[in-house]
Every structure is written in structure tokens, then in C-alpha cells.
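For reference, model26.cif (mmCIF, C-alpha atoms):
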data_upload
loop_
_atom_site.group_PDB
_atom_site.id
_atom_site.type_symbol
_atom_site.label_atom_id
_atom_site.label_comp_id
_atom_site.auth_asym_id
_atom_site.auth_seq_id
_atom_site.Cartn_x
_atom_site.Cartn_y
_atom_site.Cartn_z
ATOM 1 C CA MET Y 1 0.000 0.000 0.000
ATOM 2 C CA ARG Y 2 2.862 2.300 0.935
ATOM 3 C CA ARG Y 3 4.632 1.523 -2.361
ATOM 4 C CA PHE Y 4 1.425 2.294 -4.286
ATOM 5 C CA PHE Y 5 1.111 5.627 -2.472
ATOM 6 C CA ILE Y 6 4.712 6.537 -3.353
ATOM 7 C CA VAL Y 7 4.091 5.712 -7.031
ATOM 8 C CA ILE Y 8 0.965 7.873 -7.088
ATOM 9 C CA LEU Y 9 2.880 10.712 -5.421
ATOM 10 C CA MET Y 10 5.693 10.521 -7.960
ATOM 11 C CA LEU Y 11 3.266 10.467 -10.881
ATOM 12 C CA SER Y 12 1.430 13.479 -9.464
ATOM 13 C CA PHE Y 13 4.709 15.369 -9.059
ATOM 14 C CA CYS Y 14 5.731 14.573 -12.650
ATOM 15 C CA ALA Y 15 2.341 15.695 -13.932
ATOM 16 C CA LEU Y 16 2.666 18.999 -12.093
ATOM 17 C CA GLN Y 17 6.166 19.541 -13.477
ATOM 18 C CA TRP Y 18 4.993 18.740 -17.007
ATOM 19 C CA ALA Y 19 2.056 21.107 -16.683
ATOM 20 C CA ALA Y 20 4.291 23.902 -15.409
ATOM 21 C CA GLY Y 21 6.772 23.395 -18.229
ATOM 22 C CA ASP Y 22 3.988 23.127 -20.767
ATOM 23 C CA ASN Y 23 2.448 26.377 -19.606
ATOM 24 C CA ASN Y 24 5.828 28.099 -19.796
ATOM 25 C CA ASP Y 25 6.326 26.873 -23.361
ATOM 26 C CA ARG Y 26 2.867 27.892 -24.507
ATOM 27 C CA ARG Y 27 3.784 31.480 -25.220
ATOM 28 C CA GLU Y 28 1.657 33.703 -27.400
ATOM 29 C CA ILE Y 29 2.276 36.541 -29.790
ATOM 30 C CA LYS Y 30 -0.459 38.778 -31.117
ATOM 31 C CA ILE Y 31 -0.125 40.121 -34.650
ATOM 32 C CA LEU Y 32 -2.202 42.881 -36.220
ATOM 33 C CA ARG Y 33 -2.593 43.320 -39.983
ATOM 34 C CA GLN Y 34 -3.921 46.662 -41.188
ATOM 35 C CA THR Y 35 -4.778 45.712 -44.765
ATOM 36 C CA PRO Y 36 -6.708 42.721 -46.157
ATOM 37 C CA SER Y 37 -3.951 42.090 -48.720
ATOM 38 C CA GLU Y 38 -2.511 38.662 -49.384
ATOM 39 C CA ILE Y 39 0.958 40.150 -48.844
ATOM 40 C CA ASP Y 40 0.211 41.107 -45.236
ATOM 41 C CA ARG Y 41 -1.468 37.775 -44.585
ATOM 42 C CA ALA Y 42 1.587 35.942 -45.939
ATOM 43 C CA ILE Y 43 3.948 38.051 -43.808
ATOM 44 C CA SER Y 44 1.863 37.388 -40.698
ATOM 45 C CA ASP Y 45 1.896 33.642 -41.427
ATOM 46 C CA HIS Y 46 5.666 33.734 -41.960
ATOM 47 C CA LEU Y 47 6.162 35.527 -38.642
ATOM 48 C CA CYS Y 48 4.099 32.828 -36.927
ATOM 49 C CA MET Y 49 6.092 30.075 -38.622
ATOM 50 C CA SER Y 50 9.349 31.734 -37.553
ATOM 51 C CA TYR Y 51 8.055 31.873 -33.998
ATOM 52 C CA GLU Y 52 7.094 28.205 -34.093
ATOM 53 C CA VAL Y 53 10.669 27.268 -34.995
ATOM 54 C CA ILE Y 54 11.786 28.788 -31.685
ATOM 55 C CA HIS Y 55 8.787 27.727 -29.598
ATOM 56 C CA PRO Y 56 7.191 24.486 -30.845
ATOM 57 C CA TYR Y 57 4.274 24.934 -28.439
ATOM 58 C CA HIS Y 58 3.675 28.482 -29.628
ATOM 59 C CA ARG Y 59 0.379 30.169 -30.232
ATOM 60 C CA CYS Y 60 -0.149 32.999 -32.702
ATOM 61 C CA LEU Y 61 -3.187 35.233 -32.576
ATOM 62 C CA GLU Y 62 -3.655 37.101 -35.862
ATOM 63 C CA ARG Y 63 -6.210 39.834 -36.444
ATOM 64 C CA TYR Y 64 -7.084 42.264 -39.224
ATOM 65 C CA TYR Y 65 -8.374 45.768 -38.526
ATOM 66 C CA ASP Y 66 -8.070 48.779 -40.807
ATOM 67 C CA GLN Y 67 -6.032 51.759 -39.731
ATOM 68 C CA GLY Y 68 -8.108 53.865 -37.350
ATOM 69 C CA ASP Y 69 -10.460 51.047 -36.317
ATOM 70 C CA LEU Y 70 -8.722 50.458 -32.956
ATOM 71 C CA ASP Y 71 -8.008 52.957 -30.199
ATOM 72 C CA GLN Y 72 -4.609 53.279 -28.521
ATOM 73 C CA LYS Y 73 -5.489 50.882 -25.710
ATOM 74 C CA ALA Y 74 -6.504 48.172 -28.182
ATOM 75 C CA LEU Y 75 -3.387 48.719 -30.311
ATOM 76 C CA ARG Y 76 -1.148 48.251 -27.270
ATOM 77 C CA GLU Y 77 -2.537 44.738 -26.832
ATOM 78 C CA TYR Y 78 -0.574 43.584 -29.904
ATOM 79 C CA ASP Y 79 3.049 42.482 -29.969
ATOM 80 C CA PHE Y 80 3.554 43.119 -33.683
ATOM 81 C CA ILE Y 81 1.766 45.343 -36.205
ATOM 82 C CA ILE Y 82 2.265 45.336 -39.969
ATOM 83 C CA THR Y 83 1.755 49.013 -40.713
ATOM 84 C CA THR Y 84 2.686 51.957 -42.914
ATOM 85 C CA GLU Y 85 5.427 54.371 -41.949
ATOM 86 C CA GLN Y 86 2.991 57.273 -41.726
ATOM 87 C CA PHE Y 87 0.522 55.479 -39.436
ATOM 88 C CA TYR Y 88 3.397 54.350 -37.248
ATOM 89 C CA ASN Y 89 4.622 57.910 -36.727
ATOM 90 C CA GLU Y 90 1.135 59.296 -36.225
ATOM 91 C CA SER Y 91 -0.320 56.621 -33.925
ATOM 92 C CA LEU Y 92 2.220 54.012 -32.778
ATOM 93 C CA ALA Y 93 5.547 55.702 -32.074
ATOM 94 C CA ASN Y 94 4.919 56.102 -28.321
ATOM 95 C CA ASP Y 95 4.372 52.386 -27.715
ATOM 96 C CA PHE Y 96 6.101 50.623 -30.624
ATOM 97 C CA GLN Y 97 9.355 50.664 -32.593
ATOM 98 C CA LEU Y 98 9.902 49.772 -36.216
ATOM 99 C CA VAL Y 99 12.004 46.651 -36.533
ATOM 100 C CA LEU Y 100 12.036 45.731 -40.252
ATOM 101 C CA PRO Y 101 11.085 47.395 -43.548
ATOM 102 C CA LEU Y 102 9.075 44.865 -45.538
ATOM 103 C CA TYR Y 103 7.769 46.082 -48.895
ATOM 104 C CA HIS Y 104 6.399 49.105 -50.712
ATOM 105 C CA GLN Y 105 3.252 49.752 -52.707
ATOM 106 C CA ALA Y 106 3.129 52.140 -55.637
ATOM 107 C CA PHE Y 107 0.419 54.731 -56.158
ATOM 108 C CA THR Y 108 -0.462 54.299 -59.841
ATOM 109 C CA VAL Y 109 -2.550 56.563 -62.049
ATOM 110 C CA VAL Y 110 -3.978 54.872 -65.155
ATOM 111 C CA SER Y 111 -5.606 57.153 -67.727
ATOM 112 C CA ARG Y 112 -6.966 56.945 -71.245
ATOM 113 C CA GLY Y 113 -6.758 59.700 -73.831
ATOM 114 C CA ILE Y 114 -5.244 62.405 -71.619
ATOM 115 C CA SER Y 115 -1.739 63.524 -70.706
ATOM 116 C CA ARG Y 116 -0.319 63.999 -67.252
ATOM 117 C CA ASP Y 117 -0.853 67.768 -67.465
ATOM 118 C CA GLU Y 118 -4.552 67.252 -68.201
ATOM 119 C CA LEU Y 119 -5.079 64.806 -65.357
ATOM 120 C CA PHE Y 120 -7.021 67.057 -62.985
ATOM 121 C CA THR Y 121 -8.594 69.355 -65.556
ATOM 122 C CA GLU Y 122 -12.349 69.730 -65.914
ATOM 123 C CA GLY Y 123 -14.178 66.929 -67.695
ATOM 124 C CA GLN Y 124 -12.275 63.957 -66.289
ATOM 125 C CA SER Y 125 -14.005 61.178 -64.335
ATOM 126 C CA PHE Y 126 -12.169 59.225 -61.648
ATOM 127 C CA GLY Y 127 -12.403 55.842 -59.959
ATOM 128 C CA VAL Y 128 -10.647 54.248 -57.000
ATOM 129 C CA LEU Y 129 -10.875 50.855 -55.324
ATOM 130 C CA ASP Y 130 -13.400 50.817 -52.504
ATOM 131 C CA GLN Y 131 -10.944 49.781 -49.788
ATOM 132 C CA PRO Y 132 -9.886 51.867 -46.767
ATOM 133 C CA THR Y 133 -6.172 51.682 -47.564
ATOM 134 C CA GLN Y 134 -6.742 52.670 -51.194
ATOM 135 C CA THR Y 135 -8.859 55.705 -50.345
ATOM 136 C CA LYS Y 136 -6.501 56.746 -47.520
ATOM 137 C CA VAL Y 137 -3.443 56.743 -49.800
ATOM 138 C CA LEU Y 138 -5.331 58.635 -52.508
ATOM 139 C CA ALA Y 139 -6.530 61.236 -50.003
ATOM 140 C CA ASP Y 140 -2.961 61.705 -48.729
ATOM 141 C CA VAL Y 141 -1.601 62.064 -52.278
ATOM 142 C CA LEU Y 142 -4.263 64.596 -53.286
ATOM 143 C CA ARG Y 143 -3.694 66.588 -50.109
ATOM 144 C CA ALA Y 144 0.067 66.587 -50.691
ATOM 145 C CA MET Y 145 -0.494 67.787 -54.270
ATOM 146 C CA ASN Y 146 -2.811 70.582 -53.042
ATOM 147 C CA ILE Y 147 -5.797 69.150 -54.904
ATOM 148 C CA ASN Y 148 -9.218 69.559 -53.349
ATOM 149 C CA ARG Y 149 -10.680 66.063 -53.107
ATOM 150 C CA LYS Y 150 -14.243 67.433 -53.111
ATOM 151 C CA LYS Y 151 -13.767 69.088 -56.487
ATOM 152 C CA ILE Y 152 -13.022 65.926 -58.437
ATOM 153 C CA PRO Y 153 -15.842 63.504 -59.424
ATOM 154 C CA LEU Y 154 -14.544 60.385 -57.691
ATOM 155 C CA ARG Y 155 -16.386 57.059 -57.560
ATOM 156 C CA HIS Y 156 -15.539 53.941 -55.541
ATOM 157 C CA PHE Y 157 -15.566 50.471 -57.072
ATOM 158 C CA SER Y 158 -14.690 46.852 -56.444
ATOM 159 C CA SER Y 159 -11.765 45.513 -58.481
ATOM 160 C CA GLN Y 160 -13.912 44.163 -61.304
ATOM 161 C CA GLU Y 161 -16.213 47.186 -61.299
ATOM 162 C CA LEU Y 162 -13.214 49.505 -61.683
ATOM 163 C CA ILE Y 163 -12.093 47.539 -64.743
ATOM 164 C CA ASP Y 164 -15.612 47.360 -66.208
ATOM 165 C CA TYR Y 165 -16.335 51.070 -65.769
ATOM 166 C CA PHE Y 166 -12.968 52.024 -67.227
ATOM 167 C CA CYS Y 167 -13.420 49.724 -70.221
ATOM 168 C CA SER Y 168 -16.954 51.037 -70.849
ATOM 169 C CA PHE Y 169 -15.704 54.671 -70.851
ATOM 170 C CA GLU Y 170 -17.699 55.553 -67.725
ATOM 171 C CA ILE Y 171 -14.432 56.765 -66.152
ATOM 172 C CA ASN Y 172 -11.141 57.659 -67.787
ATOM 173 C CA VAL Y 173 -8.818 57.835 -64.782
ATOM 174 C CA ALA Y 174 -8.261 55.018 -62.279
ATOM 175 C CA PHE Y 175 -6.192 55.147 -59.079
ATOM 176 C CA VAL Y 176 -4.633 51.872 -57.906
ATOM 177 C CA THR Y 177 -2.232 51.389 -54.996
ATOM 178 C CA GLY Y 178 -0.356 48.095 -54.926
ATOM 179 C CA ALA Y 179 2.677 46.077 -55.898
ATOM 180 C CA HIS Y 180 3.783 45.729 -59.522
ATOM 181 C CA PRO Y 181 3.078 43.980 -61.761
ATOM 182 C CA SER Y 182 -0.538 44.580 -60.825
ATOM 183 C CA ARG Y 183 -3.353 42.428 -62.189
ATOM 184 C CA ILE Y 184 -5.750 45.394 -62.189
ATOM 185 C CA VAL Y 185 -3.311 47.792 -63.856
ATOM 186 C CA ARG Y 186 -2.466 45.132 -66.435
ATOM 187 C CA GLN Y 187 -6.124 44.643 -67.371
ATOM 188 C CA LEU Y 188 -6.758 48.383 -67.539
ATOM 189 C CA ASN Y 189 -3.724 48.606 -69.804
ATOM 190 C CA THR Y 190 -4.144 45.626 -72.144
ATOM 191 C CA LEU Y 191 -7.936 45.294 -72.306
ATOM 192 C CA CYS Y 192 -9.004 48.923 -72.122
ATOM 193 C CA GLY Y 193 -6.184 51.008 -73.586
ATOM 194 C CA GLY Y 194 -5.200 52.574 -70.273
ATOM 195 C CA GLU Y 195 -1.720 53.985 -69.778
ATOM 196 C CA PRO Y 196 0.025 54.255 -66.397
ATOM 197 C CA LEU Y 197 1.267 57.824 -66.029
ATOM 198 C CA SER Y 198 4.505 59.187 -64.611
ATOM 199 C CA ILE Y 199 3.609 61.887 -62.108
ATOM 200 C CA VAL Y 200 6.851 62.619 -60.250
ATOM 201 C CA SER Y 201 8.189 65.265 -62.656
ATOM 202 C CA ALA Y 202 5.008 67.314 -62.178
ATOM 203 C CA LEU Y 203 5.452 67.513 -58.398
ATOM 204 C CA PRO Y 204 6.911 70.594 -56.672
ATOM 205 C CA LYS Y 205 10.681 70.457 -56.196
ATOM 206 C CA ASN Y 206 10.423 70.211 -52.405
ATOM 207 C CA PHE Y 207 7.627 67.619 -52.464
ATOM 208 C CA PHE Y 208 9.618 64.750 -50.935
ATOM 209 C CA GLN Y 209 11.143 67.005 -48.267
ATOM 210 C CA LYS Y 210 7.702 68.193 -47.181
ATOM 211 C CA HIS Y 211 5.999 64.790 -47.441
ATOM 212 C CA ARG Y 212 8.609 62.410 -46.109
ATOM 213 C CA TYR Y 213 6.446 59.288 -46.064
ATOM 214 C CA PHE Y 214 6.177 59.274 -49.848
ATOM 215 C CA TYR Y 215 9.058 57.859 -51.847
ATOM 216 C CA LYS Y 216 9.894 58.035 -55.522
ATOM 217 C CA THR Y 217 9.633 54.661 -57.202
ATOM 218 C CA VAL Y 218 10.175 53.556 -60.793
ATOM 219 C CA VAL Y 219 7.985 50.889 -62.393
ATOM 220 C CA PRO Y 220 9.723 49.267 -65.400
ATOM 221 C CA LYS Y 221 7.868 49.849 -68.665
ATOM 222 C CA GLU Y 222 8.384 46.196 -69.596
ATOM 223 C CA LEU Y 223 5.770 45.155 -67.045
ATOM 224 C CA TYR Y 224 2.957 46.566 -69.192
ATOM 225 C CA TRP Y 225 1.886 46.751 -72.814
ATOM 226 C CA ARG Y 226 3.164 49.481 -75.147
ATOM 227 C CA ILE Y 227 4.384 51.821 -72.446
ATOM 228 C CA PRO Y 228 6.948 54.224 -73.974
ATOM 229 C CA GLU Y 229 8.963 54.861 -70.808
ATOM 230 C CA ASP Y 230 9.409 53.719 -67.232
ATOM 231 C CA ILE Y 231 6.693 54.937 -64.868
ATOM 232 C CA GLU Y 232 7.923 57.339 -62.186
ATOM 233 C CA THR Y 233 5.424 57.503 -59.377
ATOM 234 C CA LEU Y 234 5.009 57.551 -55.586
ATOM 235 C CA SER Y 235 5.179 54.700 -53.134
ATOM 236 C CA ILE Y 236 4.464 54.087 -49.472
ATOM 237 C CA ARG Y 237 6.381 51.644 -47.302
ATOM 238 C CA HIS Y 238 5.019 48.916 -45.084
ATOM 239 C CA LEU Y 239 7.031 47.866 -42.067
ATOM 240 C CA LEU Y 240 6.921 45.583 -39.048
ATOM 241 C CA ALA Y 241 6.490 47.361 -35.698
ATOM 242 C CA VAL Y 242 7.163 45.706 -32.347
ATOM 243 C CA ASN Y 243 5.675 46.630 -28.977
ATOM 244 C CA ASN Y 244 8.154 48.296 -26.613
ATOM 245 C CA ARG Y 245 7.345 45.732 -23.930
ATOM 246 C CA TYR Y 246 8.624 42.852 -26.081
ATOM 247 C CA ASP Y 247 11.868 41.404 -24.728
ATOM 248 C CA SER Y 248 14.901 42.421 -26.840
ATOM 249 C CA ASP Y 249 16.636 39.027 -26.621
ATOM 250 C CA GLU Y 250 13.444 37.267 -27.633
ATOM 251 C CA LEU Y 251 12.979 39.757 -30.475
ATOM 252 C CA GLU Y 252 16.513 39.150 -31.735
ATOM 253 C CA ALA Y 253 15.936 35.389 -31.824
ATOM 254 C CA LEU Y 254 12.580 35.796 -33.592
ATOM 255 C CA MET Y 255 13.893 38.240 -36.210
ATOM 256 C CA ASN Y 256 16.883 36.004 -36.942
ATOM 257 C CA SER Y 257 14.476 33.124 -37.419
ATOM 258 C CA PHE Y 258 12.312 35.346 -39.654
ATOM 259 C CA ILE Y 259 15.300 36.088 -41.911
ATOM 260 C CA ASP Y 260 16.574 32.496 -41.919
ATOM 261 C CA GLU Y 261 13.176 31.115 -42.901
ATOM 262 C CA LEU Y 262 12.985 33.412 -45.954
ATOM 263 C CA GLU Y 263 15.247 30.934 -47.730
ATOM 264 C CA TYR Y 264 12.574 28.244 -47.440
ATOM 265 C CA ASN Y 265 9.548 30.431 -48.129
ATOM 266 C CA ARG Y 266 10.082 31.421 -51.745
ATOM 267 C CA SER Y 267 6.427 32.357 -52.228
ATOM 268 C CA LEU Y 268 6.719 35.243 -49.762
ATOM 269 C CA PRO Y 269 7.055 38.587 -51.606
ATOM 270 C CA VAL Y 270 9.516 39.745 -48.929
ATOM 271 C CA THR Y 271 13.190 38.906 -49.460
ATOM 272 C CA GLU Y 272 16.505 40.027 -48.035
ATOM 273 C CA ALA Y 273 16.863 42.207 -51.137
ATOM 274 C CA SER Y 274 13.447 43.849 -50.670
ATOM 275 C CA ILE Y 275 14.229 44.544 -47.014
ATOM 276 C CA LEU Y 276 17.440 46.355 -48.005
ATOM 277 C CA LEU Y 277 15.667 48.161 -50.851
ATOM 278 C CA ASN Y 278 12.975 49.506 -48.549
ATOM 279 C CA TYR Y 279 15.547 50.455 -45.931
ATOM 280 C CA ASN Y 280 17.182 52.800 -48.445
ATOM 281 C CA ASN Y 281 16.422 56.449 -47.517
ATOM 282 C CA LEU Y 282 13.987 55.307 -44.802
ATOM 283 C CA GLN Y 283 12.945 58.377 -42.802
ATOM 284 C CA THR Y 284 12.166 56.634 -39.515
ATOM 285 C CA PRO Y 285 14.807 54.935 -37.299
ATOM 286 C CA LEU Y 286 14.641 51.221 -36.494
ATOM 287 C CA HIS Y 287 14.853 49.241 -33.271
ATOM 288 C CA GLU Y 288 18.459 48.255 -32.491
ATOM 289 C CA VAL Y 289 17.642 44.650 -33.416
ATOM 290 C CA GLY Y 290 16.486 45.856 -36.826
ATOM 291 C CA ASP Y 291 19.654 47.937 -37.252
ATOM 292 C CA ASP Y 292 21.806 44.880 -36.511
ATOM 293 C CA ILE Y 293 19.911 42.768 -39.052
ATOM 294 C CA ILE Y 294 20.229 45.457 -41.735
ATOM 295 C CA GLU Y 295 23.971 45.704 -41.070
ATOM 296 C CA GLU Y 296 24.372 41.919 -41.393
ATOM 297 C CA LEU Y 297 22.385 41.838 -44.636
ATOM 298 C CA GLN Y 298 24.462 44.682 -46.074
ATOM 299 C CA GLU Y 299 27.709 42.898 -45.160
ATOM 300 C CA GLU Y 300 26.482 39.680 -46.772
ATOM 301 C CA LEU Y 301 25.515 41.575 -49.937
ATOM 302 C CA GLN Y 302 28.896 43.308 -50.129
ATOM 303 C CA ALA Y 303 30.680 39.969 -49.686
ATOM 304 C CA GLU Y 304 28.614 38.417 -52.489
ATOM 305 C CA LEU Y 305 29.353 41.352 -54.823
ATOM 306 C CA ALA Y 306 33.071 41.140 -54.020
ATOM 307 C CA ALA Y 307 33.081 37.401 -54.736
ATOM 308 C CA GLU Y 308 31.308 37.957 -58.067
ATOM 309 C CA ALA Y 309 33.827 40.660 -59.023
ATOM 310 C CA GLN Y 310 36.731 38.305 -58.398
ATOM 311 C CA SER Y 311 35.252 35.401 -60.343
#

Using the file provided, produce a representation of the structure as C-alpha cells.
Amino acid sequence: MRRFFIVILMLSFCALQWAAGDNNDRREIKILRQTPSEIDRAISDHLCMSYEVIHPYHRCLERYYDQGDLDQKALREYDFIITTEQFYNESLANDFQLVLPLYHQAFTVVSRGISRDELFTEGQSFGVLDQPTQTKVLADVLRAMNINRKKIPLRHFSSQELIDYFCSFEINVAFVTGAHPSRIVRQLNTLCGGEPLSIVSALPKNFFQKHRYFYKTVVPKELYWRIPEDIETLSIRHLLAVNNRYDSDELEALMNSFIDELEYNRSLPVTEASILLNYNNLQTPLHEVGDDIIEELQEELQAELAAEAQS
């Protein structure tokens, strides 16, 4: 009887130890996406996968809310937020730090039958995708260009509606924000005779100094049909922000895992090269962990270039 009691006691002790260890291992990170895009969903999934490599008993909680949907208290509940540089500086900078630049999206103007100089003249009809991020970027661009949004006849459409209305001559200017090549821009171009316009040269000389969250980007003409020259337009950058309360050592391990796993996740539109590209001329400083990663990536790139030069 005594031996049976000892066995039960030992089993109970082991069960308690296992439960304690299991609870310690079952950590959780909360990730917020601020656009419904497949790119942000893929990045969030990759961050979860990178976390799982470190903590096999991990748990990831992913949520999507548009910018402005959550108050400051609700935002502080998240460990990581995939956000734009402007929203970060306006709403997150007190409680978060940027850790990695991820990708950029180009603001693209597609028109038919008009030049860049005629873009906002009387008689034009405009369409934009009916998504919060799309309308927010357009509003910011128009404001930066000193164009009164209320004075242009702007309509909001779904993706297919935008294409249909453009092709049926109901509108002759479409605004699309996204990565290139873009399926929507390509259809507006090839099916409906639309031409993506270069708008940078028409901007005031001090535009980028006054509006530091917009960057000049060049879309190669080869991506679309019968475009005479590369498209010079504006872009916004999307970055990963981390809550200030997140442990720095844990963050370093997670970000190293994030970078390492890029090699095995070829479908992800974020690469070491895109991270360095979107770090170039970045206006907002990074967390020290992000700075260290950027420095390592730059050293690796320089070593690869030196090796290629010698071969």
C-alpha cells in the first residue's frame, strides 16, 4: 500500500512539473494586420512560422483591422503590427518601434486619352478601389499635391467594377495602390487602352522634403503593354512594428528566425533584397535589433558582390 502511495505521489509530481513546463512553453504573440492584402497575410503567417521554430508549443493570434479602427489601448494589446510608416509615426511611435522594412506599394494613375498635365482638368471622371487603404493613400496624395478632393468627381468600385467602368468609358482615370506587376493595372492597360502615367516630374521640387512618407519609385515599362517609358510615381512603405514591452533578446531570436526562414519560403514577396531596398532612404529609425539585421544583410551583400567581381 505504501509503495502504491509513493508511485501515485511521484506520478502526481511529474504531472505537475509537465504542466508547469507546458504552460511556460505555450507562449503567445499577437499580430495585427492593417490591410486585407494577401501580402500582409503571408507576412503574418511567416512571422508565426518563424516563432514556431523557436517555440514548438507556440500560439499565434492574428487579427485584421483597418487603420483607425482600434483605439490606442486596443493597439497596445498587440506584440507586432504590420503598418505603414505614416501610421506608425502618427499613432504608434509612443508604444512601438519599427524593426524591419518589408515592402512598398506604388500609387499608380492609369488614364486613357489624356496627358499627365490634363489629369485634374475639368471633364475627367475618376475611380478608386473601394478599400480603406486605397482611399486613404489617394486622399494623402491629393492633399500633398494641393488638390481639393471634393472638387473631383470620384467614384468607388470593387476591383472588377473599376475595370468594367474604365473599359466602358464611364471613367477615364483610375487610381490603384499596390505592388507591380498589378493584375488590375495590367487589365486596364491591355484590355481597355489605359496607360500608367509618370507623375513625379510634375510635383513641386520640395515635395519629398515636405511629405517624407512618400518615396519616388520607378515601375519598369516592360511590365505593361506598349508603355513608352518607365513609370515614375510615388510609393508608401510597409514595415513591421514591435511593442516596446517585447523582450529584446526574444525579439533578436525571432527576427533572426524570420530572416533564416525566408530561404525556405520562396512564395513570400519579402526577401533580403526587398528589405534592403525599402531600408534605403527610410525616414524613420529602427529598433536596435532591426539595425543589426540590416547591417548583417548589407555585409552579406557586399561579400557576395566582391566574390562575383573576383570570379

Worksheet item: Which one of Y:Asn281, Y:Asp260, Y:Glu272, Y:Ala93 sits closest to Tyr213 of chain Y if you count all atoms listed in the file?
Response: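 Closest candidate: Y:Asn281.
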
Explicit residue set for the PyMOL selection byres ((chain Y and resi 201-211) around 8), as an mmCIF file with C-alpha atoms, keeping the file's coordinate frame:
data_model
loop_
_atom_site.group_PDB
_atom_site.id
_atom_site.type_symbol
_atom_site.label_atom_id
_atom_site.label_comp_id
_atom_site.auth_asym_id
_atom_site.auth_seq_id
_atom_site.Cartn_x
_atom_site.Cartn_y
_atom_site.Cartn_z
ATOM 1 C CA ASP Y 117 -0.853 67.768 -67.465
ATOM 2 C CA ALA Y 144 0.067 66.587 -50.691
ATOM 3 C CA MET Y 145 -0.494 67.787 -54.270
ATOM 4 C CA SER Y 198 4.505 59.187 -64.611
ATOM 5 C CA ILE Y 199 3.609 61.887 -62.108
ATOM 6 C CA VAL Y 200 6.851 62.619 -60.250
ATOM 7 C CA ARG Y 212 8.609 62.410 -46.109
ATOM 8 C CA TYR Y 213 6.446 59.288 -46.064
ATOM 9 C CA PHE Y 214 6.177 59.274 -49.848
ATOM 10 C CA TYR Y 215 9.058 57.859 -51.847
ATOM 11 C CA GLU Y 232 7.923 57.339 -62.186
#

Practice prompt. Take atom CA of His58 of chain Y and atom CA of Leu254 of chain Y and report the distance between them in Å, one decimal.
Written response: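 Value for the atom CA of His58 of chain Y-atom CA of Leu254 of chain Y distance: 12.2 Å.
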
Practice prompt. Go through the shown structure with the PyMOL selection byres ((chain Y and resi 146-151) around 12) and write out the matching residues as a ChimeraX atom specification.
Written response: /Y:119-126,135-136,138-145,152-155,203-204,207,211

Item to complete: Using all atoms listed in the file, give me every residue within 6 Å of (3.8, 54.5, -70.3) in file coordinates, as a PyMOL selection string.
Response: chain Y and resi 195-197+227-229

Contacts of Cys60 of chain Y at 8 Å (all atoms listed in the file; same-chain gap of 2+ positions) as an mmCIF file with C-alpha atoms, keeping the file's coordinate frame:
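Output file out21.cif follows:
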data_model
loop_
_atom_site.group_PDB
_atom_site.id
_atom_site.type_symbol
_atom_site.label_atom_id
_atom_site.label_comp_id
_atom_site.auth_asym_id
_atom_site.auth_seq_id
_atom_site.Cartn_x
_atom_site.Cartn_y
_atom_site.Cartn_z
ATOM 1 C CA GLU Y 28 1.657 33.703 -27.400
ATOM 2 C CA ILE Y 29 2.276 36.541 -29.790
ATOM 3 C CA LYS Y 30 -0.459 38.778 -31.117
ATOM 4 C CA ILE Y 31 -0.125 40.121 -34.650
ATOM 5 C CA CYS Y 48 4.099 32.828 -36.927
ATOM 6 C CA HIS Y 58 3.675 28.482 -29.628
ATOM 7 C CA GLU Y 62 -3.655 37.101 -35.862
#

Item to complete: Give me, please, the distance in Å between atom CA of Glu296 of chain Y and atom CA of Leu262 of chain Y, quoted to one decimal.
Response: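 One can read the atom CA of Glu296 of chain Y to atom CA of Leu262 of chain Y distance as 14.9 Å.
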
Can you list what the PyMOL selection byres ((chain Y and resi 97-108) around 7) grabs from this structure, as a JSON list (two decimals) with C-alpha atoms, in the coordinates of the input?
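So the final result, stored in selection.json, reads:
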[["chain", "number", "residue", "atom", "x", "y", "z"],
["Y", 93, "ALA", "CA", 5.55, 55.70, -32.07],
["Y", 96, "PHE", "CA", 6.10, 50.62, -30.62],
["Y", 109, "VAL", "CA", -2.55, 56.56, -62.05],
["Y", 110, "VAL", "CA", -3.98, 54.87, -65.16],
["Y", 175, "PHE", "CA", -6.19, 55.15, -59.08],
["Y", 176, "VAL", "CA", -4.63, 51.87, -57.91],
["Y", 177, "THR", "CA", -2.23, 51.39, -55.00],
["Y", 178, "GLY", "CA", -0.36, 48.10, -54.93],
["Y", 179, "ALA", "CA", 2.68, 46.08, -55.90],
["Y", 196, "PRO", "CA", 0.02, 54.26, -66.40],
["Y", 233, "THR", "CA", 5.42, 57.50, -59.38],
["Y", 234, "LEU", "CA", 5.01, 57.55, -55.59],
["Y", 235, "SER", "CA", 5.18, 54.70, -53.13],
["Y", 236, "ILE", "CA", 4.46, 54.09, -49.47],
["Y", 237, "ARG", "CA", 6.38, 51.64, -47.30],
["Y", 238, "HIS", "CA", 5.02, 48.92, -45.08],
["Y", 239, "LEU", "CA", 7.03, 47.87, -42.07],
["Y", 240, "LEU", "CA", 6.92, 45.58, -39.05],
["Y", 241, "ALA", "CA", 6.49, 47.36, -35.70],
["Y", 242, "VAL", "CA", 7.16, 45.71, -32.35],
["Y", 243, "ASN", "CA", 5.68, 46.63, -28.98],
["Y", 244, "ASN", "CA", 8.15, 48.30, -26.61],
["Y", 270, "VAL", "CA", 9.52, 39.74, -48.93],
["Y", 274, "SER", "CA", 13.45, 43.85, -50.67],
["Y", 275, "ILE", "CA", 14.23, 44.54, -47.01],
["Y", 278, "ASN", "CA", 12.98, 49.51, -48.55],
["Y", 279, "TYR", "CA", 15.55, 50.46, -45.93],
["Y", 286, "LEU", "CA", 14.64, 51.22, -36.49],
["Y", 287, "HIS", "CA", 14.85, 49.24, -33.27],
["Y", 289, "VAL", "CA", 17.64, 44.65, -33.42],
["Y", 290, "GLY", "CA", 16.49, 45.86, -36.83]]

Which residues are close to Asp230 of chain Y, i.e. within 7 Å by all atoms listed in the file, leaving aside same-chain residues fewer than 3 positions away? Reply as a PDB file with C-alpha atoms, keeping the file's coordinate frame.
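So the final result, stored in out_4.pdb, reads:
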ATOM      1  CA  VAL Y 218      10.175  53.556 -60.793  1.00  0.00           C
ATOM      2  CA  VAL Y 219       7.985  50.889 -62.393  1.00  0.00           C
ATOM      3  CA  PRO Y 220       9.723  49.267 -65.400  1.00  0.00           C
ATOM      4  CA  LYS Y 221       7.868  49.849 -68.665  1.00  0.00           C
TER       5      LYS Y 221
END

Worksheet item: Pick the closest to Phe157 of chain Y from Y:Gln67, Y:Gly127, Y:Arg183, Y:Pro36: which is it, counting all atoms listed in the file?
Response: Y:Gly127

Worksheet item: Do you have the atom CA of Asp95 of chain Y-atom CA of Gln72 of chain Y distance handy?
Response: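 According to the coordinates, atom CA of Asp95 of chain Y and atom CA of Gln72 of chain Y are separated by 9.1 Å.
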